[in-house]
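**Q** Dropping in target05.txt, which is compact mmCIF, C-alpha atoms:
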```
# COMPACT_ATOMS: atom_id res chain seq x y z
CA MET A 1 -0.97 20.63 26.50
CA TRP A 2 1.67 17.98 25.83
CA ARG A 3 2.54 16.18 29.05
CA VAL A 4 5.55 13.97 29.41
CA SER A 5 5.20 10.80 31.40
CA GLY A 6 7.95 10.06 33.88
CA THR A 7 7.78 6.33 33.19
CA LEU A 8 8.86 6.39 29.56
CA GLU A 9 12.34 5.23 28.58
CA THR A 10 14.74 7.68 27.03
CA GLN A 11 15.81 7.69 23.41
CA ALA A 12 19.27 6.59 24.60
CA GLU A 13 17.80 3.46 26.18
CA ILE A 14 15.73 2.63 23.11
CA SER A 15 18.69 3.37 20.82
CA ALA A 16 20.85 0.94 22.81
CA GLU A 17 18.24 -1.78 22.22
CA ILE A 18 18.02 -0.87 18.53
CA ASN A 19 21.79 -1.02 18.15
CA GLU A 20 21.98 -4.41 19.84
CA LEU A 21 19.65 -5.94 17.25
CA ASP A 22 20.90 -3.97 14.25
CA GLY A 23 22.56 -5.99 11.50
CA LYS A 24 20.85 -9.27 12.35
CA PRO A 25 19.84 -11.02 9.14
CA GLY A 26 16.27 -10.83 7.88
CA GLU A 27 14.67 -9.14 4.92
CA GLN A 28 11.41 -8.63 6.76
CA PRO A 29 10.76 -6.82 10.03
CA ARG A 30 11.33 -8.90 13.14
CA ARG A 31 7.95 -9.84 14.59
CA ASP A 32 9.57 -9.87 18.02
CA TYR A 33 11.17 -6.43 18.23
CA PRO A 34 11.12 -5.11 21.81
CA PRO A 35 12.26 -1.53 21.03
CA TYR A 36 8.80 -1.11 19.42
CA ARG A 37 6.96 -1.38 22.73
CA SER A 38 3.49 -1.97 21.26
CA SER A 39 4.79 -5.21 19.74
CA LEU A 40 5.57 -6.85 23.09
CA LEU A 41 2.18 -8.51 23.61
CA ARG A 42 1.18 -8.55 19.96
CA HIS A 43 3.74 -10.72 18.20
CA PRO A 44 3.38 -14.49 17.77
CA THR A 45 5.99 -16.36 19.78
CA LYS A 46 5.57 -19.67 17.98
CA SER A 47 7.12 -20.38 14.59
CA LEU A 48 4.95 -19.75 11.58
CA GLN A 49 3.38 -22.93 10.22
CA TYR A 50 4.61 -23.84 6.76
CA ALA A 51 1.68 -24.22 4.38
CA ASP A 52 1.41 -24.95 0.70
CA PRO A 53 -1.10 -22.54 -0.79
CA GLU A 54 -4.54 -23.93 -1.59
CA GLU A 55 -6.31 -22.82 -4.75
CA ILE A 56 -7.96 -19.75 -3.16
CA GLU A 57 -4.56 -18.54 -1.93
CA LEU A 58 -3.19 -18.61 -5.48
CA TRP A 59 -5.56 -15.78 -6.41
CA ALA A 60 -6.01 -12.23 -5.19
CA PRO A 61 -9.13 -10.11 -5.01
CA CYS A 62 -9.91 -8.15 -8.13
CA PHE A 63 -10.50 -4.38 -8.16
CA GLY A 64 -11.59 -2.17 -11.02
CA GLN A 65 -12.55 1.33 -12.04
CA ARG A 66 -15.82 0.77 -10.24
CA ASP A 67 -13.85 0.67 -6.99
CA VAL A 68 -11.59 3.70 -7.39
CA GLY A 69 -12.36 7.18 -8.71
CA ALA A 70 -9.64 8.91 -10.73
CA VAL A 71 -9.69 11.85 -8.29
CA GLU A 72 -8.58 9.57 -5.44
CA ALA A 73 -4.99 9.51 -6.73
CA ASP A 74 -4.63 13.26 -6.17
CA LEU A 75 -4.73 14.07 -2.46
CA THR A 76 -4.40 17.80 -3.18
CA ILE A 77 -7.76 18.24 -4.95
CA GLN A 78 -10.11 16.51 -2.54
CA HIS A 79 -11.30 19.74 -0.86
CA SER A 80 -12.26 23.25 -1.86
CA GLY A 81 -8.79 24.70 -1.28
CA GLU A 82 -5.15 23.74 -1.70
CA PRO A 83 -3.53 21.91 1.21
CA ILE A 84 -0.57 23.53 2.94
CA GLY A 85 2.84 22.00 2.29
CA GLU A 86 5.29 20.80 -0.29
CA ARG A 87 3.38 19.28 -3.23
CA ILE A 88 4.98 16.03 -4.42
CA ILE A 89 4.45 13.28 -6.97
CA VAL A 90 5.01 9.74 -5.67
CA SER A 91 5.20 7.11 -8.36
CA GLY A 92 6.76 3.74 -9.04
CA ARG A 93 6.14 0.19 -10.20
CA ILE A 94 4.70 -2.75 -8.33
CA MET A 95 6.44 -5.96 -9.39
CA ASP A 96 6.20 -9.47 -8.06
CA GLY A 97 9.19 -11.54 -6.95
CA ASP A 98 9.65 -12.86 -10.50
CA ALA A 99 9.78 -9.36 -12.03
CA ARG A 100 6.25 -9.51 -13.42
CA PRO A 101 4.40 -6.18 -13.19
CA VAL A 102 1.32 -6.27 -10.99
CA ALA A 103 -1.21 -4.79 -13.41
CA HIS A 104 -4.60 -3.18 -12.68
CA GLN A 105 -4.31 -3.79 -8.95
CA LEU A 106 -5.33 -1.66 -5.97
CA VAL A 107 -2.85 0.64 -4.20
CA GLU A 108 -3.98 2.51 -1.09
CA LEU A 109 -2.10 5.11 0.93
CA TRP A 110 -2.55 7.24 4.02
CA GLN A 111 -0.36 9.80 5.72
CA ALA A 112 -0.02 12.77 8.06
CA ASN A 113 -0.28 16.32 6.75
CA ALA A 114 2.63 18.72 6.30
CA GLY A 115 2.58 19.50 10.03
CA GLY A 116 2.80 15.84 11.01
CA ARG A 117 -0.86 15.51 12.01
CA TYR A 118 -3.23 12.74 10.97
CA ILE A 119 -6.92 13.42 10.58
CA HIS A 120 -7.46 10.35 12.80
CA LYS A 121 -9.45 11.10 15.96
CA ARG A 122 -6.85 9.39 18.12
CA ASP A 123 -4.03 11.60 16.90
CA GLN A 124 -3.56 14.14 19.70
CA HIS A 125 -0.38 15.73 18.36
CA PRO A 126 -0.93 19.47 18.82
CA ALA A 127 -0.11 20.38 15.23
CA PRO A 128 -2.85 21.92 13.09
CA LEU A 129 -5.25 19.87 11.04
CA ASP A 130 -5.46 21.06 7.45
CA PRO A 131 -9.08 21.47 6.31
CA ASN A 132 -7.91 20.87 2.76
CA PHE A 133 -6.07 17.63 3.41
CA THR A 134 -7.45 14.25 4.44
CA GLY A 135 -4.31 12.27 3.65
CA VAL A 136 -6.02 9.25 2.11
CA GLY A 137 -5.65 8.07 -1.50
CA ARG A 138 -6.22 5.12 -3.79
CA CYS A 139 -5.38 4.20 -7.34
CA LEU A 140 -5.10 1.21 -9.65
CA THR A 141 -1.79 0.28 -11.24
CA ASP A 142 -1.65 0.46 -15.03
CA ALA A 143 -0.77 -2.44 -17.34
CA ASP A 144 2.90 -1.83 -16.56
CA GLY A 145 2.37 -2.03 -12.78
CA THR A 146 2.90 1.73 -12.41
CA TYR A 147 1.07 3.73 -9.76
CA ARG A 148 1.14 7.50 -9.33
CA PHE A 149 -0.10 9.83 -6.59
CA THR A 150 -0.03 13.58 -6.13
CA THR A 151 0.15 14.55 -2.48
CA ILE A 152 1.84 16.74 0.15
CA LYS A 153 5.09 15.78 1.81
CA PRO A 154 4.14 14.59 5.30
CA GLY A 155 5.86 15.95 8.39
CA PRO A 156 7.53 13.87 11.12
CA TYR A 157 5.45 13.45 14.26
CA PRO A 158 5.86 12.49 17.90
CA TRP A 159 4.53 9.28 19.44
CA ARG A 160 4.60 7.72 22.87
CA ASN A 161 6.86 4.71 22.34
CA HIS A 162 9.47 6.39 24.53
CA LEU A 163 10.39 9.88 25.68
CA ASN A 164 10.89 12.27 22.76
CA ALA A 165 10.07 9.58 20.19
CA TRP A 166 9.55 10.93 16.66
CA ARG A 167 8.59 9.02 13.54
CA PRO A 168 10.50 9.86 10.36
CA ALA A 169 8.18 11.31 7.72
CA HIS A 170 6.47 8.44 5.94
CA ILE A 171 3.53 7.41 3.78
CA HIS A 172 1.66 4.19 4.60
CA PHE A 173 1.04 1.93 1.60
CA SER A 174 -1.31 -1.04 1.21
CA LEU A 175 -0.63 -3.32 -1.76
CA PHE A 176 -2.05 -6.45 -3.33
CA GLY A 177 -0.40 -8.83 -5.76
CA THR A 178 -1.80 -11.53 -7.98
CA ASP A 179 -1.77 -14.12 -5.14
CA PHE A 180 -3.39 -13.77 -1.73
CA THR A 181 0.02 -14.63 -0.25
CA GLN A 182 1.59 -11.41 -1.64
CA ARG A 183 -0.43 -8.99 0.49
CA LEU A 184 1.77 -6.19 1.78
CA VAL A 185 1.25 -3.20 4.08
CA THR A 186 4.33 -1.08 4.54
CA GLN A 187 5.64 2.48 4.85
CA MET A 188 7.58 4.61 2.38
CA TYR A 189 10.16 7.05 3.70
CA PHE A 190 12.04 10.04 2.28
CA PRO A 191 15.78 10.06 1.58
CA GLY A 192 18.22 11.30 4.20
CA ASP A 193 15.83 11.49 7.15
CA PRO A 194 17.86 12.17 10.33
CA LEU A 195 15.29 10.22 12.40
CA PHE A 196 16.04 6.86 10.70
CA PRO A 197 18.55 5.57 13.29
CA LEU A 198 16.23 6.52 16.17
CA ASP A 199 12.99 4.97 14.94
CA PRO A 200 12.07 1.49 16.23
CA ILE A 201 9.52 0.90 13.48
CA TYR A 202 11.93 1.56 10.60
CA GLN A 203 14.67 -0.27 12.51
CA SER A 204 12.46 -3.33 13.10
CA ILE A 205 13.97 -4.37 9.76
CA THR A 206 17.46 -5.06 11.01
CA ASP A 207 19.13 -5.52 7.60
CA GLN A 208 20.18 -2.12 6.26
CA LYS A 209 19.85 -3.20 2.62
CA ALA A 210 16.30 -4.37 3.27
CA ARG A 211 15.17 -1.21 5.02
CA ASP A 212 16.79 0.90 2.29
CA ARG A 213 14.06 -0.52 0.05
CA LEU A 214 11.50 1.52 1.94
CA VAL A 215 13.21 4.81 1.09
CA ALA A 216 12.05 6.64 -2.03
CA VAL A 217 14.57 8.36 -4.30
CA TYR A 218 14.25 11.91 -5.55
CA ASP A 219 13.56 11.67 -9.30
CA HIS A 220 13.87 14.82 -11.35
CA ASP A 221 12.12 13.12 -14.26
CA LEU A 222 9.00 12.88 -12.10
CA THR A 223 9.31 16.48 -10.97
CA MET A 224 6.85 18.73 -12.80
CA PRO A 225 7.97 22.25 -13.76
CA GLU A 226 6.56 24.93 -11.47
CA TYR A 227 4.25 22.37 -9.84
CA ALA A 228 5.66 19.49 -7.75
CA THR A 229 8.84 17.61 -6.92
CA GLY A 230 8.95 13.88 -7.69
CA TYR A 231 9.84 10.81 -5.67
CA ARG A 232 10.15 7.33 -7.09
CA TRP A 233 9.47 4.26 -5.01
CA ASP A 234 9.30 0.78 -6.57
CA VAL A 235 7.85 -2.20 -4.74
CA VAL A 236 8.75 -5.87 -5.09
CA LEU A 237 6.21 -8.29 -3.64
CA THR A 238 7.00 -11.88 -2.74
CA GLY A 239 6.94 -14.42 -5.55
CA SER A 240 3.74 -15.80 -7.01
CA HIS A 241 2.93 -19.46 -6.37
CA ARG A 242 0.83 -19.75 -9.49
CA THR A 243 1.92 -21.53 -12.67
CA TRP A 244 1.85 -18.73 -15.21
CA THR A 245 1.21 -19.32 -18.88
CA GLU A 246 3.17 -17.20 -21.34
CA GLU A 247 0.00 -15.34 -22.21
CA GLU A 248 -0.68 -14.37 -18.59
CA SER A 249 2.92 -13.31 -18.08
CA SER A 250 2.99 -10.99 -21.06
CA MET B 1 14.81 -8.39 -3.32
CA THR B 2 11.45 -8.17 -1.62
CA THR B 3 10.12 -4.93 -0.17
CA PRO B 4 9.74 -5.41 3.59
CA GLY B 5 6.47 -4.90 5.43
CA GLN B 6 5.82 -2.44 8.22
CA THR B 7 3.15 -2.14 10.85
CA VAL B 8 -0.24 -0.79 9.80
CA GLY B 9 0.09 1.56 12.79
CA PRO B 10 -2.71 3.21 14.77
CA PHE B 11 -4.01 5.63 12.14
CA PHE B 12 -5.42 3.40 9.37
CA HIS B 13 -9.09 3.88 10.24
CA ASP B 14 -9.72 6.79 7.88
CA ALA B 15 -8.00 4.98 5.01
CA LEU B 16 -8.55 1.23 4.99
CA PRO B 17 -12.01 0.50 6.45
CA TYR B 18 -14.91 1.61 4.26
CA ALA B 19 -18.70 1.36 4.16
CA ASP B 20 -19.83 -2.27 3.93
CA GLY B 21 -16.22 -3.46 3.92
CA GLY B 22 -17.21 -6.42 6.06
CA ASN B 23 -20.52 -7.02 4.30
CA LEU B 24 -19.62 -9.23 1.35
CA VAL B 25 -23.38 -9.78 1.20
CA PRO B 26 -26.05 -7.71 2.99
CA PRO B 27 -26.55 -9.03 6.55
CA GLY B 28 -29.71 -11.10 6.75
CA SER B 29 -29.94 -11.64 3.00
CA ALA B 30 -30.60 -15.11 1.60
CA GLY B 31 -27.67 -17.40 2.34
CA ALA B 32 -25.83 -14.81 4.44
CA ILE B 33 -23.75 -16.14 7.30
CA ARG B 34 -21.77 -14.29 9.92
CA LEU B 35 -18.06 -14.79 10.50
CA HIS B 36 -17.02 -12.91 13.61
CA GLY B 37 -14.81 -13.02 16.66
CA HIS B 38 -12.32 -11.16 18.79
CA VAL B 39 -8.64 -10.41 18.43
CA TYR B 40 -6.63 -10.82 21.65
CA ASP B 41 -3.10 -9.95 22.67
CA GLY B 42 -0.70 -12.01 24.77
CA ALA B 43 -2.26 -10.81 28.03
CA GLY B 44 -5.70 -11.93 26.84
CA ASP B 45 -6.80 -8.33 26.36
CA PRO B 46 -8.83 -7.38 23.28
CA VAL B 47 -6.99 -5.60 20.46
CA PRO B 48 -9.15 -2.60 19.50
CA ASP B 49 -6.97 -1.47 16.60
CA ALA B 50 -6.65 -4.58 14.44
CA LEU B 51 -7.87 -5.06 10.89
CA LEU B 52 -8.88 -8.35 9.28
CA GLU B 53 -9.32 -9.22 5.63
CA ILE B 54 -10.99 -12.36 4.35
CA TRP B 55 -10.74 -13.94 0.90
CA GLN B 56 -12.81 -16.93 -0.09
CA PRO B 57 -14.45 -18.87 -2.91
CA GLY B 58 -18.19 -18.70 -3.47
CA PRO B 59 -20.59 -21.36 -2.18
CA ASP B 60 -19.92 -23.38 -5.34
CA GLY B 61 -16.21 -23.50 -4.50
CA ALA B 62 -15.26 -21.35 -7.50
CA ILE B 63 -12.71 -18.52 -7.28
CA VAL B 64 -14.36 -15.12 -7.72
CA GLN B 65 -12.71 -12.49 -9.92
CA GLN B 66 -15.25 -9.69 -9.67
CA ALA B 67 -14.45 -6.04 -9.04
CA GLY B 68 -16.61 -3.99 -6.71
CA SER B 69 -15.41 -4.85 -3.21
CA LEU B 70 -14.86 -1.17 -2.35
CA ARG B 71 -18.20 0.05 -3.73
CA ARG B 72 -20.57 -2.80 -3.12
CA ASP B 73 -23.75 -2.91 -5.19
CA GLY B 74 -25.48 -5.42 -2.93
CA TRP B 75 -25.69 -8.01 -5.72
CA THR B 76 -22.13 -8.86 -6.73
CA PHE B 77 -20.25 -11.33 -4.55
CA THR B 78 -16.54 -10.42 -4.73
CA GLY B 79 -15.18 -12.97 -2.24
CA TRP B 80 -13.16 -10.33 -0.40
CA GLY B 81 -13.87 -8.15 2.60
CA ARG B 82 -12.22 -6.03 5.26
CA ALA B 83 -13.32 -5.27 8.82
CA GLU B 84 -11.66 -3.45 11.70
CA THR B 85 -12.01 -4.46 15.35
CA ASP B 86 -14.13 -2.25 17.59
CA ALA B 87 -13.31 -1.03 21.11
CA SER B 88 -13.95 -4.54 22.45
CA GLY B 89 -11.63 -6.15 19.90
CA HIS B 90 -14.57 -7.58 17.97
CA TYR B 91 -14.83 -7.85 14.19
CA SER B 92 -17.70 -9.10 12.05
CA PHE B 93 -18.26 -10.14 8.43
CA SER B 94 -21.50 -10.96 6.64
CA THR B 95 -20.71 -13.35 3.83
CA LEU B 96 -21.58 -16.61 2.08
CA ARG B 97 -20.41 -20.03 3.10
CA PRO B 98 -17.30 -20.92 1.10
CA GLY B 99 -17.79 -24.10 -0.91
CA GLY B 100 -15.54 -26.99 -1.81
CA PRO B 101 -13.86 -29.72 0.20
CA ASP B 102 -11.98 -28.51 3.30
CA ALA B 103 -13.38 -25.03 2.78
CA PHE B 104 -11.81 -22.15 4.69
CA PHE B 105 -11.66 -18.40 4.81
CA ALA B 106 -8.16 -17.13 4.00
CA VAL B 107 -7.50 -14.47 6.64
CA THR B 108 -4.95 -11.64 6.84
CA VAL B 109 -4.41 -9.89 10.18
CA PHE B 110 -2.99 -6.39 10.69
CA ALA B 111 -2.65 -4.42 13.93
CA ARG B 112 -0.81 -1.60 15.58
CA GLY B 113 2.13 -3.31 17.29
CA LEU B 114 2.28 -6.07 14.71
CA THR B 115 5.38 -5.35 12.62
CA ASP B 116 4.12 -7.28 9.58
CA ARG B 117 0.84 -8.83 8.44
CA LEU B 118 -0.04 -12.37 9.46
CA PHE B 119 -1.83 -15.01 7.42
CA THR B 120 -4.09 -17.70 8.79
CA ARG B 121 -7.07 -19.86 7.80
CA ALA B 122 -10.52 -20.22 9.35
CA TYR B 123 -11.70 -23.73 8.46
CA LEU B 124 -15.42 -24.41 8.71
CA ALA B 125 -15.00 -27.87 10.14
CA GLU B 126 -12.14 -30.01 11.24
CA ALA B 127 -11.17 -31.18 7.83
CA ASP B 128 -9.36 -34.37 7.00
CA ASN B 129 -6.33 -33.03 5.21
CA ALA B 130 -2.58 -33.38 5.49
CA PHE B 131 -2.06 -29.76 6.45
CA LEU B 132 -4.30 -29.92 9.53
CA ALA B 133 -3.11 -33.42 10.38
CA GLY B 134 0.43 -32.06 10.53
CA ILE B 135 -0.42 -29.63 13.34
CA GLU B 136 -0.58 -30.75 16.96
CA PRO B 137 -4.24 -31.12 18.02
CA GLU B 138 -4.32 -28.34 20.64
CA ARG B 139 -2.92 -25.86 18.12
CA ARG B 140 -5.02 -27.19 15.23
CA GLU B 141 -8.22 -26.04 16.92
CA THR B 142 -7.09 -22.40 16.58
CA LEU B 143 -7.75 -22.80 12.83
CA ILE B 144 -11.30 -24.05 13.20
CA ALA B 145 -14.23 -21.62 13.14
CA VAL B 146 -16.87 -22.63 15.70
CA PRO B 147 -20.53 -22.68 14.58
CA ASP B 148 -22.91 -20.27 16.32
CA GLU B 149 -26.45 -19.04 15.72
CA HIS B 150 -25.80 -17.11 12.51
CA GLY B 151 -22.57 -18.61 11.25
CA PHE B 152 -19.15 -19.03 12.78
CA VAL B 153 -16.92 -17.61 15.49
CA PHE B 154 -13.22 -17.30 14.78
CA ASP B 155 -11.05 -15.69 17.47
CA VAL B 156 -7.49 -14.61 16.75
CA ARG B 157 -4.90 -14.78 19.53
CA LEU B 158 -1.72 -12.99 18.56
CA GLN B 159 0.33 -14.49 21.38
CA GLY B 160 0.13 -16.86 24.33
CA ASP B 161 -0.94 -20.37 25.23
CA ARG B 162 -3.69 -20.57 22.64
CA GLU B 163 -1.84 -18.52 20.05
CA THR B 164 -3.41 -18.81 16.61
CA VAL B 165 -1.47 -20.81 14.04
CA PHE B 166 -0.12 -18.28 11.52
CA LEU B 167 1.17 -19.33 8.13
CA SER B 168 4.29 -19.03 6.04
CA PHE B 169 4.04 -19.87 2.34
CA PRO B 170 6.90 -21.29 0.25
CA ARG B 171 7.74 -18.02 -1.51
CA HIS B 172 7.98 -16.23 1.85
CA ARG B 173 10.60 -18.53 3.19
CA SER B 174 13.71 -16.56 2.41
CA ALA B 175 12.06 -13.93 4.57
CA ASP B 176 11.52 -16.03 7.70
```
What does this structure look like when you write it as structure tokens?
**A**
Amino acid sequence: MWRVSGTLETQAEISAEINELDGKPGEQPRRDYPPYRSSLLRHPTKSLQYADPEEIELWAPCFGQRDVGAVEADLTIQHSGEPIGERIIVSGRIMDGDARPVAHQLVELWQANAGGRYIHKRDQHPAPLDPNFTGVGRCLTDADGTYRFTTIKPGPYPWRNHLNAWRPAHIHFSLFGTDFTQRLVTQMYFPGDPLFPLDPIYQSITDQKARDRLVAVYDHDLTMPEYATGYRWDVVLTGSHRTWTEEESS
Amino acid sequence: MTTPGQTVGPFFHDALPYADGGNLVPPGSAGAIRLHGHVYDGAGDPVPDALLEIWQPGPDGAIVQQAGSLRRDGWTFTGWGRAETDASGHYSFSTLRPGGPDAFFAVTVFARGLTDRLFTRAYLAEADNAFLAGIEPERRETLIAVPDEHGFVFDVRLQGDRETVFLSFPRHRSAD
């Protein structure tokens, strides 16, 4: 049974805090973002220390076909039956900050099922688990930096940040570049979600143009006839610190 | 323009951790050392839903470019590992000692409540370099892993008096 705590703030109170910070400059999420209550005791309060990368930080870990099975890119075929929900293709390119494709690199994702429920043991949302959907996938980018997953469109789900808090539907992504310094974990959203203005995680990026970059676009060229609709989401990592030869860049 | 980060959230455990993620080499094998510690929040409480990744050279100081981190064969040292914190906020890696002058483990920290990943370094000894010299002594010690019986202890404090020094690299700076 879903119980509502009397001590939680209302959406109106959280929205007022969100609106106060909205529009402040910054391409990255604010580390100190009080509307996201879990961040209060977990964000550094001191300035980040500027560092020039040492040799190890100019390189990223290497993954290969040994690490990732081809079946892991299709989240709809991991069990004996078909998962419930809207089948989708999610694909795009991973580029670095200098427009170089990030080739043959690991991409990981995880997400809720169509009902907004994670398989995670701590997810207590009373929506059904789907025995045919784990919601976890991996793939390697190709030489062009392109990744591609087949999955189910996740549902929005409630959380306890405040009273009646709901996360917009999203897919978590974990990405590597060619440098250690390019590591990125983020979330991809779906266009036109009415929960965007209400969500303190999405809104922790206070620059609208920057948070727009987390929203996939519907792409009819990715849509497969009588099979799945397609969403395109491209990723730009921070710039590489390495000195690239022409050969490496090509 | 760069794609922004977002929190890893509370539900990464079925996706990111994997068998032997923290065992870059089998525990107890020849040359294996332990790198472990706790992650704490600003109240000094352990963070039970954090995730750490380490990236390091081999004992000879050379950069490793070997696949196989996700499906370890027990013989190939890949230089990279991933470990989640347990209910007491503790994480643990079994690895080799990184070689080279001023050797350190490059560390990435993720957690529910942390809006974006953090980078830091776990140096094996107080090294004599310009980077460490440029940090005030009481903060510098947050970057030094402390020797213990099997290796080193490296605690991460996300906030507070002894807050860990976290790093920003030159190509991040438009994002600060």
**Q** Would you mind listing, as number ranges by chain, all residues of chain B that have at least one atom within 6 Å of chain A, where all atoms listed in the file are what counts?
**A** B: 2-6, 11, 15, 41-42, 65-68, 70-71, 113-115, 158-159, 166-169, 171, 175
**Q** Kindly export the residues of the current selection with C-alpha atoms, as a PDB file, keeping the file's coordinate frame.
**A**
```pdb
ATOM      1  CA  THR B   2      11.450  -8.170  -1.620  1.00  0.00           C
ATOM      2  CA  THR B   3      10.120  -4.930  -0.170  1.00  0.00           C
ATOM      3  CA  PRO B   4       9.740  -5.410   3.590  1.00  0.00           C
ATOM      4  CA  GLY B   5       6.470  -4.900   5.430  1.00  0.00           C
ATOM      5  CA  GLN B   6       5.820  -2.440   8.220  1.00  0.00           C
ATOM      6  CA  PHE B  11      -4.010   5.630  12.140  1.00  0.00           C
ATOM      7  CA  ALA B  15      -8.000   4.980   5.010  1.00  0.00           C
ATOM      8  CA  ASP B  41      -3.100  -9.950  22.670  1.00  0.00           C
ATOM      9  CA  GLY B  42      -0.700 -12.010  24.770  1.00  0.00           C
ATOM     10  CA  GLN B  65     -12.710 -12.490  -9.920  1.00  0.00           C
ATOM     11  CA  GLN B  66     -15.250  -9.690  -9.670  1.00  0.00           C
ATOM     12  CA  ALA B  67     -14.450  -6.040  -9.040  1.00  0.00           C
ATOM     13  CA  GLY B  68     -16.610  -3.990  -6.710  1.00  0.00           C
ATOM     14  CA  LEU B  70     -14.860  -1.170  -2.350  1.00  0.00           C
ATOM     15  CA  ARG B  71     -18.200   0.050  -3.730  1.00  0.00           C
ATOM     16  CA  GLY B 113       2.130  -3.310  17.290  1.00  0.00           C
ATOM     17  CA  LEU B 114       2.280  -6.070  14.710  1.00  0.00           C
ATOM     18  CA  THR B 115       5.380  -5.350  12.620  1.00  0.00           C
ATOM     19  CA  LEU B 158      -1.720 -12.990  18.560  1.00  0.00           C
ATOM     20  CA  GLN B 159       0.330 -14.490  21.380  1.00  0.00           C
ATOM     21  CA  PHE B 166      -0.120 -18.280  11.520  1.00  0.00           C
ATOM     22  CA  LEU B 167       1.170 -19.330   8.130  1.00  0.00           C
ATOM     23  CA  SER B 168       4.290 -19.030   6.040  1.00  0.00           C
ATOM     24  CA  PHE B 169       4.040 -19.870   2.340  1.00  0.00           C
ATOM     25  CA  ARG B 171       7.740 -18.020  -1.510  1.00  0.00           C
ATOM     26  CA  ALA B 175      12.060 -13.930   4.570  1.00  0.00           C
TER      27      ALA B 175
END
```
**Q** Taking (-6.2, -26.3, 21.7) in the coordinates of the supplied file, I want to know which residues reach to within 10 Å of it, counting all atoms listed in the file; could you give the answer as a ChimeraX atom specification?
**A** /B:136-143,161-164
**Q** Near Thr206 in chain A, within 6 Å and counting all atoms listed in the file, which residues show up once chain neighbours fewer than 6 positions away are dropped, as a ChimeraX atom specification?
**A** /A:22-24
**Q** Set the distance at 8 Å and use only C-alpha atoms: which residues neighbour Asn23 in chain B once local chain neighbours fewer than 6 positions away are removed? I'd like the list as a PyMOL selection string.
**A** chain B and resi 81+93-95
**Q** In Å, rounded to a single decimal, give me how far CA of Tyr91 in chain B is from CA of Pro48 in chain B.
**A**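 Calculated distance between CA of Pro48 in chain B and CA of Tyr91 in chain B is 9.4 Å.
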**Q** With a distance cut-off of 8 Å and all atoms listed in the file, select the neighbouring residues of range 13-20 of chain A, excluding the residue or stretch itself and same-chain residues fewer than 6 positions from it, and output the selection as number ranges by chain.
**A** A: 34-35, 162, 197-198, 200, 203
**Q** Build an axis-aligned box that encloses every atom of range 38-53 of chain A listed in the file, pad it by 8 Å on each side, and report its centre and edge lengths in Å to one decimal, as lines of an AutoDock Vina configuration file.
**A**
```
center_x = 3.0
center_y = -13.5
center_z = 11.4
size_x = 24.2
size_y = 39.0
size_z = 40.4
```
**Q** If we count only C-alpha atoms, what is near range 153-157 of chain B at a cut-off of 7 Å, once residues fewer than 5 positions away on the same chain are taken out, given as a PyMOL selection string?
**A** chain B and resi 35-41+122+145-148+162-164
**Q** Got a sec: who's within 7 Å of Ala32 in chain B, counting all atoms listed in the file, leaving out chain neighbours fewer than 3 positions off, as a PyMOL selection string?
**A** chain B and resi 25+27-29+94-96
**Q** Using only C-alpha atoms, can you tell me which of B:Ala62, B:Gly160, B:Val165, B:Ile33 comes closest to Phe131 in chain B?
**A** B:Val165
**Q** Could you jot down the CA of Gly100 in chain B to CA of Pro170 in chain B separation for me, Å, one decimal place?
**A** 23.2 Å
**Q** Here is a test: counting all atoms listed in the file, which residue of A:Pro168, A:Gly115, A:Gly81, A:Gly92 is nearest to Phe149 in chain A?
**A**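 Among A:Pro168, A:Gly115, A:Gly81, A:Gly92, it is A:Gly92 that comes nearest to Phe149 in chain A.
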**Q** For Ala106 in chain B, which residue among B:Ala43, B:Leu124, B:Met1, B:Ala30 is the nearest when counting only C-alpha atoms?
**A**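 Of the candidates, the smallest distance to Ala106 in chain B is held by B:Leu124.
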**Q** Could you check which of B:Gly134, B:Gly58, B:Gly9, B:Pro101 is closest to Asp116 in chain B, using only C-alpha atoms?
**A**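 Of B:Gly134, B:Gly58, B:Gly9, B:Pro101, the one nearest Asp116 in chain B is B:Gly9, counting only C-alpha atoms.
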**Q** Kindly extract all protein, DNA and RNA residues lying within 12 Å of the coordinates (7.2, 10.0, 20.4) given in the file, considering all atoms listed in the file, and supply them as number ranges by chain.
**A** A: 2-5, 8-11, 14, 36-37, 116, 123-125, 156-168, 195, 198-201
**Q** Distance CA of Val47 in chain B-CA of Phe110 in chain B, one decimal place?
**A** 10.6 Å
